[in-house]
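First comes the structure, then the notes that go with it.
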Amino acid sequence: MPQAPIVVRTVPALRRTVDIMRARKAMVALVPTMGALHDGHVSLVRLAKRRAKRVIVSIFVNPTQFAPTEDFGSYPRTWKADIARLAAEDVDLIWHPELKAMYPDGFATRIVPEGPAIAGLEDRFRPHFFGGVATVVGKLFTQCRPDIAIFGEKDFQQLRVVSQMAADLDLGVKVIGSRTVRERDGLAMSSRNVYLSVEHRRVAPELHRVMKETAGRLRAGADTATAVAAGAADITKAGFALDYLEVRHAATLAPIASLKDGPMRMLVAARIGSTRLIDNIAV
Ligand code: PAF
């Protein structure tokens, strides 16, 4: 039977535990999460375990990355199941701060990321999001002092924002991306997939299918704007309200006209019913 991980809820207790890990010179990995863990998160933990001796998983539903109109209140919280999953993966420590430990009364500082955070993708539709993510991840990094941190590629812009922040602020953390885990029908795993009705769940894999088809056309030499416009039309026809389907430079997220101009990433965000899905693939 794997041992239940230690659960820590205050910064002083976290510091003591991390001090012990670091005194033993163990390489420490952090996997930041908001809980509601699925197989995608488990793959992040497994990558962390392959790369480091000690693994910390943080579980904190971060209010500052949700707009007042978004789903902070209803975001799935599955604490007992999460602990069981992390125990089965032999995680060392769960950092599960109280709201007041992260944002004490009088908290007044915010990280305002630029560069990939203002690429005109997620930031266009969720302008509050990357400031909230950068602030909480900055805190998680300084609290846990990991050598490496693992983030899913599903949130591709977030991965770029966090990598840039860690480098810009000399946080001493190597940010590592982990490939997206998909359901058998191609739908990218996400904690928000539980919101999908049976009918919307049936349609949801279309996002991945259309992206793959569009990427295939681009690789075969199709004109970028024409292929992307056809992909966008297919997504809309399938019943989504499309926020964006775009191709960008995979490293900088700058607009890119052709595959010849660098590694290309296709990114999508679309709503079906009241659920907003995002996904991306390499072209
Ligand atoms: O990707 C997430 O689950 C969150 O945005 C993160 C990185 C844990 C910050 O709250």
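How things are named: the first chain in the structure tokens is A, the next is B, and so on; residues count from 1 in each chain; ligands count from 1 in the order shown.
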query: Within 10 Å of ligand 1, counting only C-alpha atoms and all ligand atoms: which residues, as a PyMOL selection string?
result: chain A and resi 31-37+41+57-66+129-130+132-138+140+150-156+158-159+162+190-191
For region 196-271 of chain A versus region 106-126 of chain A, which residues have an atom no more than 8 Å away, and what is each residue's nearest atom pair and distance in Å rounded to one decimal, using only C-alpha atoms, chain-then-number order, as a tab-separated table?
residue	atom	partner	partner_atom	distance
A:Asp243	CA	A:Phe125	CA	7.6
A:Tyr244	CA	A:Leu121	CA	7.3
A:Thr252	CA	A:Pro116	CA	6.5
A:Leu253	CA	A:Pro116	CA	6.2
A:Ala254	CA	A:Ala119	CA	6.7
A:Ala269	CA	A:Glu122	CA	7.8
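Take the candidates A:Val210, A:Ile281, A:Ile235, A:Gly221 and check each one against Ala250 (chain A) using only C-alpha atoms; the shortest distance goes to A:Ile281.
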Strand (DSSP E) call set, DSSP backbone run, region 24-266 of chain A, as a ChimeraX atom specification: /A:28-33,54-59,93-95,148-152,174-178,241-249,264-266
Output C-alpha atoms of each residue in that selection to a file, as a compact mmCIF listing (two decimals), in the first residue's frame.
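Written out: part_10.txt:
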# COMPACT_ATOMS: atom_id res chain seq x y z
CA VAL A 28 12.17 18.67 -5.95
CA ALA A 29 9.42 18.84 -8.59
CA LEU A 30 6.18 20.80 -8.29
CA VAL A 31 2.98 19.97 -10.15
CA PRO A 32 0.59 22.91 -9.71
CA THR A 33 -3.10 21.98 -9.99
CA ARG A 54 10.56 14.42 -4.41
CA VAL A 55 7.22 15.48 -5.82
CA ILE A 56 4.95 18.20 -4.44
CA VAL A 57 1.46 18.60 -5.90
CA SER A 58 -0.35 21.83 -5.09
CA ILE A 59 -4.13 21.86 -5.02
CA LEU A 93 3.57 16.26 -0.31
CA ILE A 94 0.30 17.98 -1.11
CA TRP A 95 0.33 21.75 -0.68
CA ILE A 148 11.44 21.88 -11.79
CA ALA A 149 7.73 22.43 -12.35
CA ILE A 150 5.50 20.48 -14.71
CA PHE A 151 2.62 22.07 -16.66
CA GLY A 152 0.32 20.49 -19.22
CA LYS A 174 12.90 24.91 -14.85
CA VAL A 175 9.41 24.80 -16.36
CA ILE A 176 8.69 21.60 -18.28
CA GLY A 177 5.70 21.01 -20.56
CA SER A 178 3.97 17.65 -20.66
CA ALA A 241 -19.37 29.14 -30.76
CA LEU A 242 -15.77 29.69 -31.80
CA ASP A 243 -13.59 32.12 -29.84
CA TYR A 244 -10.53 31.49 -32.01
CA LEU A 245 -8.76 28.99 -34.22
CA GLU A 246 -5.28 30.28 -34.96
CA VAL A 247 -1.82 29.16 -35.95
CA ARG A 248 1.08 30.77 -34.11
CA HIS A 249 4.83 30.39 -33.75
CA MET A 264 3.79 26.11 -35.85
CA ARG A 265 1.17 25.48 -33.18
CA MET A 266 -2.56 25.48 -33.83
message: Report, in Å to a single decimal, how far apart CA of Tyr195 (chain A) and CA of Val161 (chain A) are.
response: 26.5 Å
message: To test your reading of the structure, identify every residue in region 52-215 of chain A that backbone DSSP assigns to alpha helix (DSSP H), and report it as a VMD selection string.
response: chain A and resid 79 to 88 99 to 102 122 to 125 129 to 144 156 to 168 198 to 203 206 to 215
- request: Write out as a PyMOL selection string the residues lying within 8 Å of Ala257 (chain A), counting only C-alpha atoms and excluding same-chain residues fewer than 4 positions away.
  value: chain A and resi 224-225+261
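For the residues A:Ile6, A:Asp39, A:Gly131, A:Arg50, ranking by smallest atom-to-atom distance to Ile83 (chain A) using only C-alpha atoms places A:Ile6 first.
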